[in-house]
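Shown next: protein04.txt, containing compact mmCIF, C-alpha atoms.
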```
# COMPACT_ATOMS: atom_id res chain seq x y z
CA MET G 28 -15.24 20.20 -16.38
CA PHE G 29 -11.74 21.66 -16.39
CA VAL G 30 -8.48 21.21 -18.27
CA LEU G 31 -4.96 20.80 -16.87
CA ARG G 32 -2.65 22.50 -19.36
CA ASN G 33 1.03 23.33 -19.72
CA ILE G 34 2.04 20.00 -18.18
CA GLY G 35 5.79 19.46 -18.50
CA GLN G 36 5.54 15.67 -18.33
CA LEU G 37 2.49 13.47 -17.80
CA ALA G 38 2.59 9.78 -16.85
CA ILE G 39 -0.36 7.69 -18.04
CA CYS G 40 0.66 4.49 -16.16
CA SER G 41 -1.57 2.16 -18.15
CA ALA G 42 -2.58 -1.10 -16.47
CA ASP G 43 -1.73 -2.99 -19.67
CA ALA G 44 1.76 -1.56 -20.14
CA ALA G 45 5.05 -3.17 -19.16
CA GLN G 46 6.28 -1.95 -15.78
CA GLN G 47 9.21 -0.07 -17.29
CA ASP G 48 6.85 2.02 -19.46
CA ALA G 49 4.95 4.69 -17.52
CA GLY G 50 3.55 6.17 -20.74
CA LEU G 51 5.31 9.53 -20.51
CA ILE G 52 3.98 12.45 -22.57
CA GLY G 53 5.72 15.81 -22.80
CA ALA G 54 3.88 19.13 -23.23
CA ALA G 55 0.61 17.45 -22.26
CA ALA G 56 -2.95 18.33 -21.30
CA LEU G 57 -5.65 16.44 -19.42
CA VAL G 58 -9.42 16.95 -19.23
CA ILE G 59 -11.54 16.12 -16.17
CA GLU G 60 -15.30 15.74 -16.45
CA ASP G 61 -17.76 14.33 -13.89
CA ALA G 62 -14.97 13.11 -11.57
CA ARG G 63 -13.29 11.10 -14.34
CA ILE G 64 -10.58 11.52 -16.91
CA ALA G 65 -12.24 12.56 -20.18
CA TRP G 66 -9.20 13.09 -22.42
CA VAL G 67 -5.40 13.01 -22.19
CA GLY G 68 -2.63 13.66 -24.68
CA SER G 69 -0.35 16.25 -26.21
CA GLU G 70 -1.65 19.77 -25.60
CA LEU G 71 -1.25 20.48 -29.30
CA ALA G 72 -3.84 17.76 -29.97
CA LEU G 73 -6.39 19.01 -27.41
CA PRO G 74 -9.81 18.73 -29.12
CA GLU G 75 -11.46 22.03 -29.90
CA ARG G 76 -14.52 21.17 -27.82
CA TYR G 77 -12.39 21.44 -24.66
CA THR G 78 -10.51 24.65 -25.45
CA SER G 79 -13.14 26.99 -24.01
CA HIS G 80 -13.42 25.22 -20.64
CA GLU G 81 -11.77 26.38 -17.43
CA SER G 82 -8.05 25.67 -17.62
CA ILE G 83 -5.44 25.25 -14.91
CA ASP G 84 -1.82 26.12 -15.70
CA CYS G 85 0.46 23.37 -14.33
CA ARG G 86 3.56 25.50 -15.03
CA GLN G 87 5.55 22.75 -16.73
CA ARG G 88 5.26 20.42 -13.74
CA LEU G 89 4.94 16.65 -13.60
CA VAL G 90 1.43 15.14 -13.47
CA VAL G 91 0.96 11.55 -12.29
CA PRO G 92 -1.93 9.38 -11.09
CA GLY G 93 -2.80 9.81 -7.43
CA LEU G 94 -0.34 7.64 -5.52
CA ILE G 95 -1.53 4.38 -3.96
CA ASP G 96 0.06 3.03 -0.79
CA CYS G 97 -1.00 -0.62 -0.97
CA HIS G 98 0.41 -1.84 2.38
CA THR G 99 -0.01 0.05 5.66
CA HIS G 100 -1.01 -0.58 9.27
CA LEU G 101 -2.66 2.83 9.72
CA CYS G 102 -4.69 2.26 12.89
CA PHE G 103 -2.60 1.58 15.99
CA GLY G 104 -2.14 2.72 19.57
CA GLY G 105 1.13 4.13 20.88
CA TRP G 106 4.58 4.23 19.30
CA ARG G 107 7.76 2.17 19.84
CA GLY G 108 10.62 4.65 19.87
CA ASP G 109 12.52 2.72 22.56
CA GLU G 110 12.82 -0.25 20.21
CA PHE G 111 14.60 1.96 17.68
CA GLU G 112 17.51 2.32 20.11
CA MET G 113 17.43 -1.42 20.92
CA ARG G 114 17.80 -2.29 17.25
CA LEU G 115 20.71 0.14 16.94
CA GLN G 116 22.34 -1.71 19.85
CA GLY G 117 22.12 -4.98 17.93
CA HIS G 118 18.86 -6.53 19.14
CA SER G 119 16.96 -8.30 16.36
CA TYR G 120 13.28 -7.98 15.51
CA GLN G 121 12.80 -11.47 16.98
CA ASP G 122 14.73 -10.58 20.17
CA ILE G 123 12.52 -7.57 20.80
CA ALA G 124 9.35 -9.59 20.19
CA ALA G 125 10.50 -12.36 22.57
CA ALA G 126 11.03 -9.76 25.29
CA GLY G 127 7.43 -8.59 25.03
CA GLY G 128 8.03 -5.72 22.64
CA GLY G 129 7.25 -5.49 18.97
CA ILE G 130 3.72 -6.31 17.90
CA ARG G 131 2.79 -7.33 21.46
CA SER G 132 3.34 -3.83 22.83
CA THR G 133 1.28 -2.29 20.04
CA VAL G 134 -1.49 -4.80 20.65
CA ALA G 135 -1.67 -3.74 24.30
CA ALA G 136 -1.77 -0.04 23.36
CA THR G 137 -4.37 -0.57 20.63
CA ARG G 138 -6.63 -2.58 22.89
CA ALA G 139 -6.39 0.15 25.54
CA ASN G 140 -7.28 2.99 23.13
CA SER G 141 -10.88 3.88 22.38
CA ALA G 142 -12.13 3.99 18.81
CA GLU G 143 -12.19 7.80 19.10
CA GLN G 144 -8.53 7.91 20.16
CA LEU G 145 -7.50 5.62 17.31
CA MET G 146 -9.51 7.68 14.84
CA GLU G 147 -8.01 10.99 15.95
CA LYS G 148 -4.48 9.63 15.61
CA ALA G 149 -5.15 8.12 12.19
CA LEU G 150 -6.76 11.34 10.94
CA CYS G 151 -3.57 13.24 11.72
CA SER G 152 -1.57 10.73 9.68
CA LEU G 153 -4.05 10.89 6.80
CA GLU G 154 -3.62 14.66 6.57
CA GLY G 155 0.10 14.19 5.98
CA ILE G 156 -0.47 11.24 3.66
CA LEU G 157 -2.78 13.25 1.40
CA ASP G 158 -0.28 16.13 1.32
CA LEU G 159 2.25 13.75 -0.27
CA GLY G 160 -0.10 12.99 -3.19
CA VAL G 161 -1.43 9.67 -1.87
CA THR G 162 -5.12 9.33 -2.75
CA THR G 163 -5.71 5.64 -1.92
CA LEU G 164 -4.43 3.65 1.07
CA GLU G 165 -4.69 -0.01 1.96
CA CYS G 166 -4.93 -0.32 5.75
CA LYS G 167 -4.66 -3.47 7.86
CA SER G 168 -6.04 -4.44 11.22
CA GLY G 169 -3.94 -6.88 13.25
CA TYR G 170 -3.19 -4.91 16.40
CA GLY G 171 -6.26 -6.09 18.27
CA LEU G 172 -5.90 -9.88 18.03
CA GLU G 173 -9.18 -10.47 19.81
CA GLN G 174 -12.73 -10.08 18.62
CA THR G 175 -13.68 -6.66 19.99
CA ALA G 176 -10.37 -4.95 19.23
CA GLU G 177 -10.06 -6.31 15.69
CA LEU G 178 -13.59 -5.21 14.86
CA LYS G 179 -12.84 -1.84 16.46
CA GLN G 180 -9.94 -1.25 14.06
CA LEU G 181 -12.00 -2.17 11.01
CA GLN G 182 -14.92 -0.02 12.14
CA VAL G 183 -12.51 2.90 12.58
CA TYR G 184 -11.47 2.46 8.94
CA ARG G 185 -15.08 2.48 7.82
CA GLN G 186 -15.75 5.73 9.67
CA LEU G 187 -12.50 7.33 8.54
CA ASN G 188 -13.36 6.66 4.92
CA ASP G 189 -16.30 9.07 5.25
CA LEU G 190 -14.40 11.75 7.17
CA GLN G 191 -11.53 12.60 4.84
CA ALA G 192 -10.44 12.41 1.20
CA VAL G 193 -8.03 9.46 1.05
CA GLU G 194 -9.84 6.31 -0.09
CA LEU G 195 -9.25 3.50 2.43
CA ILE G 196 -9.09 -0.18 1.44
CA PRO G 197 -9.38 -2.27 4.65
CA THR G 198 -7.63 -5.61 5.14
CA PHE G 199 -8.23 -8.01 8.05
CA LEU G 200 -4.92 -9.14 9.57
CA GLY G 201 -6.11 -11.05 12.61
CA ALA G 202 -3.47 -13.61 11.62
CA HIS G 203 -0.66 -11.21 12.52
CA MET G 204 0.59 -13.28 15.45
CA ILE G 205 -0.78 -15.54 18.17
CA PRO G 206 -1.77 -13.26 21.08
CA ASP G 207 -0.36 -13.97 24.52
CA GLU G 208 -3.59 -15.41 25.93
CA TYR G 209 -3.55 -18.14 23.24
CA GLN G 210 0.15 -19.03 23.35
CA HIS G 211 -0.65 -22.46 24.77
CA ASP G 212 -3.68 -23.08 22.56
CA ARG G 213 -2.94 -21.91 19.03
CA GLU G 214 -5.81 -23.92 17.62
CA ALA G 215 -8.30 -22.02 19.75
CA TYR G 216 -7.14 -18.71 18.28
CA ILE G 217 -7.29 -20.07 14.74
CA ARG G 218 -10.84 -21.28 15.46
CA LEU G 219 -11.72 -17.76 16.64
CA LEU G 220 -10.43 -16.39 13.32
CA CYS G 221 -12.03 -19.01 11.11
CA ASP G 222 -15.32 -19.69 12.89
CA ILE G 223 -16.22 -16.25 14.20
CA LEU G 224 -14.20 -13.27 13.02
CA ILE G 225 -13.72 -13.97 9.30
CA PRO G 226 -17.38 -14.92 8.67
CA ALA G 227 -18.56 -11.84 10.59
CA ILE G 228 -16.20 -9.52 8.72
CA GLY G 229 -17.25 -10.97 5.40
CA GLU G 230 -20.94 -10.65 6.22
CA GLN G 231 -20.57 -7.04 7.44
CA GLN G 232 -18.19 -6.17 4.57
CA LEU G 233 -15.75 -4.64 7.03
CA ALA G 234 -12.74 -5.65 4.96
CA LYS G 235 -11.99 -6.28 1.31
CA PHE G 236 -9.04 -8.59 1.93
CA CYS G 237 -7.64 -11.00 4.51
CA ASP G 238 -3.90 -11.19 5.15
CA ALA G 239 -1.75 -13.63 7.14
CA PHE G 240 1.83 -13.32 8.43
CA VAL G 241 3.72 -16.47 7.46
CA GLU G 242 6.93 -16.47 9.47
CA GLU G 243 8.67 -18.17 12.40
CA GLY G 244 6.96 -16.79 15.50
CA ALA G 245 3.77 -16.02 13.59
CA PHE G 246 1.85 -18.59 11.47
CA ASN G 247 3.08 -21.63 9.58
CA ILE G 248 2.09 -22.53 6.04
CA GLU G 249 -0.76 -24.89 6.92
CA GLU G 250 -2.24 -22.54 9.53
CA ALA G 251 -2.17 -19.67 7.04
CA ARG G 252 -3.66 -21.86 4.30
CA LYS G 253 -6.61 -22.74 6.54
CA ILE G 254 -7.19 -19.10 7.53
CA LEU G 255 -6.94 -17.76 3.99
CA ASN G 256 -9.12 -20.46 2.47
CA THR G 257 -11.74 -19.56 5.07
CA ALA G 258 -11.40 -15.94 3.98
CA LYS G 259 -11.91 -16.86 0.33
CA ALA G 260 -15.04 -18.81 1.25
CA SER G 261 -16.31 -15.70 3.07
CA GLY G 262 -15.87 -13.51 -0.01
CA LEU G 263 -12.61 -11.82 0.96
CA GLY G 264 -9.62 -11.41 -1.30
CA VAL G 265 -6.32 -12.89 -0.14
CA LYS G 266 -2.96 -11.32 0.67
CA VAL G 267 0.10 -12.89 2.32
CA HIS G 268 2.89 -11.41 4.47
CA ALA G 269 5.53 -13.69 2.96
CA ASP G 270 9.26 -14.44 3.34
CA GLN G 271 10.07 -11.26 5.26
CA LEU G 272 12.73 -12.55 7.65
CA SER G 273 13.41 -16.00 6.20
CA SER G 274 12.55 -18.12 3.19
CA GLY G 275 9.56 -20.00 4.53
CA GLY G 276 7.46 -20.79 1.48
CA GLY G 277 5.13 -17.80 1.80
CA ALA G 278 5.53 -16.76 -1.83
CA GLN G 279 4.60 -20.25 -3.00
CA LEU G 280 1.57 -20.25 -0.70
CA ALA G 281 0.42 -16.89 -2.09
CA ALA G 282 0.71 -18.26 -5.62
CA ASP G 283 -1.09 -21.49 -4.73
CA LEU G 284 -4.02 -19.54 -3.28
CA GLY G 285 -4.19 -17.08 -6.17
CA ALA G 286 -3.47 -14.22 -3.78
CA VAL G 287 -3.79 -10.73 -5.21
CA SER G 288 -0.46 -9.87 -3.58
CA ALA G 289 2.45 -11.28 -1.63
CA GLU G 290 4.04 -8.66 0.60
CA HIS G 291 7.61 -8.19 1.89
CA LEU G 292 9.37 -11.08 0.04
CA GLU G 293 12.86 -9.99 1.05
CA TYR G 294 13.87 -13.67 1.31
CA ALA G 295 11.80 -15.07 -1.55
CA ASP G 296 13.61 -17.88 -3.37
CA PRO G 297 13.74 -18.43 -7.16
CA GLU G 298 11.01 -21.06 -7.01
CA GLY G 299 8.71 -18.69 -5.13
CA ILE G 300 9.39 -15.90 -7.61
CA GLU G 301 8.57 -18.18 -10.54
CA ALA G 302 5.34 -19.25 -8.83
CA LEU G 303 4.30 -15.62 -8.31
CA ALA G 304 4.90 -14.89 -11.98
CA LEU G 305 2.78 -17.84 -13.10
CA ALA G 306 -0.03 -16.90 -10.71
CA GLY G 307 -0.03 -13.20 -11.62
CA THR G 308 0.38 -12.29 -7.95
CA VAL G 309 1.77 -8.79 -7.30
CA ALA G 310 4.94 -8.58 -5.21
CA VAL G 311 4.66 -5.67 -2.76
CA SER G 312 8.07 -4.29 -1.80
CA LEU G 313 8.49 -2.38 1.46
CA PRO G 314 11.85 -0.60 1.36
CA LEU G 315 11.22 1.48 4.50
CA ALA G 316 10.97 -1.74 6.53
CA SER G 317 14.26 -2.96 5.07
CA LEU G 318 15.84 0.39 5.94
CA TYR G 319 14.63 0.41 9.56
CA LEU G 320 15.29 -3.26 10.25
CA GLY G 321 18.65 -3.38 8.48
CA GLU G 322 17.36 -6.32 6.45
CA ARG G 323 17.94 -7.13 2.81
CA TYR G 324 15.79 -5.48 0.16
CA ILE G 325 13.41 -7.39 -2.08
CA PRO G 326 15.12 -8.90 -5.18
CA ALA G 327 13.10 -6.65 -7.46
CA ARG G 328 15.27 -7.04 -10.56
CA ASP G 329 14.96 -10.84 -10.41
CA MET G 330 11.20 -10.50 -10.00
CA LEU G 331 10.76 -8.06 -12.85
CA SER G 332 12.92 -10.24 -15.10
CA ALA G 333 10.71 -13.22 -14.22
CA GLY G 334 7.57 -11.29 -15.16
CA VAL G 335 6.36 -10.42 -11.65
CA ARG G 336 4.81 -6.99 -11.20
CA VAL G 337 6.41 -5.18 -8.26
CA ALA G 338 4.51 -2.61 -6.22
CA VAL G 339 6.16 -0.21 -3.75
CA ALA G 340 4.51 0.66 -0.42
CA THR G 341 5.48 2.06 2.98
CA ASP G 342 4.43 -0.64 5.49
CA PHE G 343 3.59 2.31 7.76
CA ASN G 344 3.47 0.92 11.32
CA PRO G 345 4.82 1.93 14.74
CA GLY G 346 7.70 -0.56 14.83
CA SER G 347 9.46 -1.64 11.66
CA ALA G 348 8.42 1.23 9.34
CA PRO G 349 7.28 4.26 11.36
CA SER G 350 6.87 6.53 8.33
CA TYR G 351 4.07 7.08 5.82
CA HIS G 352 6.37 8.91 3.38
CA LEU G 353 5.69 7.01 0.16
CA PRO G 354 7.97 9.22 -2.00
CA LEU G 355 10.87 8.32 0.32
CA ALA G 356 10.05 4.65 -0.15
CA MET G 357 10.05 5.29 -3.91
CA THR G 358 13.54 6.77 -3.87
CA LEU G 359 14.77 3.89 -1.70
CA ALA G 360 13.31 1.43 -4.20
CA CYS G 361 15.38 3.09 -6.92
CA LEU G 362 18.58 3.12 -4.88
CA ASN G 363 18.38 -0.24 -3.11
CA GLN G 364 16.07 -2.36 -5.29
CA LYS G 365 17.65 -1.06 -8.53
CA MET G 366 14.26 -0.18 -9.97
CA THR G 367 14.10 2.62 -12.53
CA PRO G 368 12.03 5.73 -11.75
CA GLN G 369 9.39 4.65 -14.27
CA GLU G 370 9.20 1.16 -12.74
CA VAL G 371 8.80 2.68 -9.29
CA LEU G 372 6.12 5.13 -10.44
CA MET G 373 4.20 2.24 -11.98
CA GLY G 374 4.70 0.42 -8.68
CA VAL G 375 2.84 3.10 -6.70
CA THR G 376 0.11 3.64 -9.29
CA THR G 377 -1.29 0.95 -11.57
CA VAL G 378 0.68 -1.97 -10.05
CA ALA G 379 -0.32 -0.87 -6.55
CA ALA G 380 -3.91 -0.63 -7.82
CA ARG G 381 -3.59 -4.23 -9.04
CA ALA G 382 -2.50 -5.22 -5.51
CA ILE G 383 -5.90 -4.04 -4.24
CA SER G 384 -7.89 -5.31 -7.27
CA ALA G 385 -8.62 -1.79 -8.53
CA GLU G 386 -6.40 -1.45 -11.60
CA GLN G 387 -9.36 -0.89 -13.94
CA ARG G 388 -10.58 2.13 -11.91
CA ILE G 389 -7.60 3.94 -10.37
CA GLY G 390 -3.84 4.16 -10.85
CA SER G 391 -3.92 5.31 -14.50
CA LEU G 392 -4.62 8.58 -16.29
CA LEU G 393 -6.71 7.19 -19.12
CA PRO G 394 -10.23 8.20 -20.19
CA GLY G 395 -12.85 6.62 -17.94
CA TYR G 396 -10.57 6.32 -14.89
CA ASP G 397 -11.30 8.13 -11.63
CA ALA G 398 -9.70 11.58 -11.71
CA ASP G 399 -7.17 10.89 -8.94
CA ILE G 400 -4.15 13.06 -9.71
CA ALA G 401 -0.97 14.33 -8.05
CA ILE G 402 0.85 17.36 -9.43
CA ILE G 403 4.56 17.26 -8.63
CA ASP G 404 6.90 20.24 -8.56
CA ALA G 405 9.47 18.57 -10.80
CA PRO G 406 10.06 18.58 -14.56
CA SER G 407 10.12 14.78 -14.89
CA VAL G 408 9.78 11.47 -13.08
CA ASN G 409 13.56 11.06 -13.11
CA HIS G 410 14.12 14.45 -11.49
CA TRP G 411 11.43 13.89 -8.85
CA LEU G 412 12.90 10.64 -7.54
CA TYR G 413 16.51 11.77 -7.87
CA HIS G 414 16.07 15.12 -6.09
CA PHE G 415 14.53 14.03 -2.81
CA ARG G 416 12.60 16.74 -0.96
CA ALA G 417 10.42 16.84 2.13
CA ASN G 418 7.43 17.04 -0.21
CA ALA G 419 7.44 17.86 -3.92
CA CYS G 420 3.67 17.44 -4.29
CA CYS G 421 2.01 20.79 -4.97
CA GLY G 422 -1.55 19.78 -5.86
CA VAL G 423 -3.90 16.83 -5.26
CA ILE G 424 -7.15 15.92 -6.99
CA LYS G 425 -9.33 13.07 -5.72
CA SER G 426 -12.36 11.99 -7.79
CA GLY G 427 -12.20 15.27 -9.67
CA ASN G 428 -12.14 17.46 -6.53
CA TRP G 429 -9.22 19.63 -5.51
CA GLU G 430 -8.17 18.33 -2.11
CA ARG G 431 -4.89 20.29 -2.12
CA ASN G 432 -5.06 23.35 -4.35
CA LEU G 433 -2.28 23.93 -6.84
CA CYS G 434 0.48 26.05 -5.31
```

Could you show the structure in this file as structure tokens?
Amino acid sequence: MFVLRNIGQLAICSADAAQQDAGLIGAAALVIEDARIAWVGSELALPERYTSHESIDCRQRLVVPGLIDCHTHLCFGGWRGDEFEMRLQGHSYQDIAAAGGGIRSTVAATRANSAEQLMEKALCSLEGILDLGVTTLECKSGYGLEQTAELKQLQVYRQLNDLQAVELIPTFLGAHMIPDEYQHDREAYIRLLCDILIPAIGEQQLAKFCDAFVEEGAFNIEEARKILNTAKASGLGVKVHADQLSSGGGAQLAADLGAVSAEHLEYADPEGIEALALAGTVAVSLPLASLYLGERYIPARDMLSAGVRVAVATDFNPGSAPSYHLPLAMTLACLNQKMTPQEVLMGVTTVAARAISAEQRIGSLLPGYDADIAIIDAPSVNHWLYHFRANACCGVIKSGNWERNLC
């Protein structure tokens, strides 16, 4: 047991609170016992039974729940730096894909890499991710697009989860695009997903969720509905890559299926937003992808006004969002999605936890929750997100263990 004391500002981030209310407490203390939060509140109200325990001086810093990046593509082969220049020269995401770049080039590199090569690369990223205060990470497959390579990605995630501190939540994204070898027989690839891969992944518990990319050049509404209904029948939760480059009905599909989250949503229409609100589906915003692609940002204010919870994530991948810097995404969400710092903090803690069906266990600093904590070298949430730095995180606790000692 130990006590964090002299906290300048603490954010509870309750799962039951409105998104604009991060539950801020000044001059706070927090008690950790048996890997869980035991008590939190004003330091002046610290119960006497805790006063004799080991205490850690937080030096008037900000204490928040461990950050949760609820949308990444962590495991991939190669990079795509050449496409960065092509986009700057005016080539669109679709142009690059049609020329054999984009996801196709990453699929080729991922298939060519061994599991050991993919694991070594991902481990390097996870070191940097943990340094930023991220303690939980959703991670998608989708760069194999054939049986062996998709299973390879998911098996890498399973092994990585035991090798380092960041908790990994795997998602099967075999429905990322139709691979080249099935371009003239889409139904055969969908049969591979529905008849072989999804049942096997469900049986082996290699993934917690199944995702599908609903977009021109990827999967249409009915194809995605078939794939995701198969996933539900196999015991997987459902996510949808929706309305990223055009308004194609993905948000409505996510709501119809009771998806835990709809992700991207830059082009979601008012009807789709209303459907998400009624279904309780989390909208996952990805401001780094909007930045890199030069696309519009998610209409977060409209969503929040409609009652939709909005998470913030990185979309870390080698093409459209080649950065795992979640605090940068948070600042971008403030500047370009007009979200307040408290709304954004909720979006990377308890709302992000809701997007992976874990809001009753992580993402909040309430008694009984896992002791996942980030200590930020800033006096307040407002100051942290306003004064962008390479890394303001100066201490990380995961499940009650110091993974990055307080500096």

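The interatomic distance for the pair CA of Ile196 (chain G) and CA of His98 (chain G) works out to 9.7 Å.
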
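Going from CA of Val30 (chain G) to CA of Ser391 (chain G) covers 17.0 Å.
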
Original post:
Quick one, how far is CA of Arg252 (chain G) from CA of Ala124 (chain G)?
Top reply: 23.9 Å

**OP:** Find the spatial neighbours of Ala379 (chain G), counting all atoms listed in the file, within a cut-off of 8 Å - ignore same-chain residues fewer than 6 positions away - and output them as a list in words.
**Re:** Ile95, Asp96, Cys97, Val311, Ala338, Val339, Ala340, Met373, Glu386 and Gly390 of chain G

Centre, x/y/z edge lengths, axis-aligned box for region 274-288 of chain G with 3 Å per side, as JSON:
```
{"center_x": 4.2, "center_y": -15.7, "center_z": -0.8, "size_x": 22.7, "size_y": 17.6, "size_z": 16.7}
```

**OP:** List the residues sitting within 12 Å of (-5.1, 4.2, -0.2) in the file's frame, using only C-alpha atoms, as a PyMOL selection string.
**Re:** chain G and resi 93-101+153+156-157+160-167+184+187-188+191-198+340-341+343+351+353+375-376+379-380+382-383+385+389-390+399+425

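Compared by their closest atoms to Leu51 (chain G), and using all atoms listed in the file, the residues G:Leu392, G:Cys420, G:Cys361, G:Ala306 rank with G:Leu392 nearest.
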
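Proximity of G:Arg218, G:Ile403, G:Ala142, G:Pro92 to Ala42 (chain G), computed with all atoms listed in the file, is greatest for G:Pro92.
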
How would region 244-268 of chain G look written as a PDB file, in the first residue's frame with C-alpha atoms?
```
ATOM      1  CA  GLY G 244     -12.848   0.729 -52.075  1.00  0.00           C
ATOM      2  CA  ALA G 245     -13.263  -1.349 -48.924  1.00  0.00           C
ATOM      3  CA  PHE G 246     -16.567  -2.983 -47.843  1.00  0.00           C
ATOM      4  CA  ASN G 247     -20.152  -1.938 -48.472  1.00  0.00           C
ATOM      5  CA  ILE G 248     -22.880  -1.857 -45.845  1.00  0.00           C
ATOM      6  CA  GLU G 249     -24.319  -5.302 -46.543  1.00  0.00           C
ATOM      7  CA  GLU G 250     -20.914  -6.983 -46.705  1.00  0.00           C
ATOM      8  CA  ALA G 251     -19.927  -5.402 -43.391  1.00  0.00           C
ATOM      9  CA  ARG G 252     -23.271  -6.344 -41.826  1.00  0.00           C
ATOM     10  CA  LYS G 253     -22.727 -10.001 -42.744  1.00  0.00           C
ATOM     11  CA  ILE G 254     -19.156 -10.007 -41.401  1.00  0.00           C
ATOM     12  CA  LEU G 255     -20.037  -8.266 -38.143  1.00  0.00           C
ATOM     13  CA  ASN G 256     -23.118 -10.367 -37.479  1.00  0.00           C
ATOM     14  CA  THR G 257     -20.898 -13.430 -37.900  1.00  0.00           C
ATOM     15  CA  ALA G 258     -18.510 -11.897 -35.377  1.00  0.00           C
ATOM     16  CA  LYS G 259     -21.317 -11.340 -32.878  1.00  0.00           C
ATOM     17  CA  ALA G 260     -22.396 -14.965 -33.275  1.00  0.00           C
ATOM     18  CA  SER G 261     -18.798 -16.007 -32.537  1.00  0.00           C
ATOM     19  CA  GLY G 262     -18.720 -14.048 -29.279  1.00  0.00           C
ATOM     20  CA  LEU G 263     -16.792 -11.007 -30.500  1.00  0.00           C
ATOM     21  CA  GLY G 264     -17.735  -7.417 -29.813  1.00  0.00           C
ATOM     22  CA  VAL G 265     -18.327  -5.160 -32.805  1.00  0.00           C
ATOM     23  CA  LYS G 266     -16.582  -2.003 -34.000  1.00  0.00           C
ATOM     24  CA  VAL G 267     -16.971  -0.140 -37.307  1.00  0.00           C
ATOM     25  CA  HIS G 268     -14.562   2.023 -39.329  1.00  0.00           C
TER      26      HIS G 268
END
```
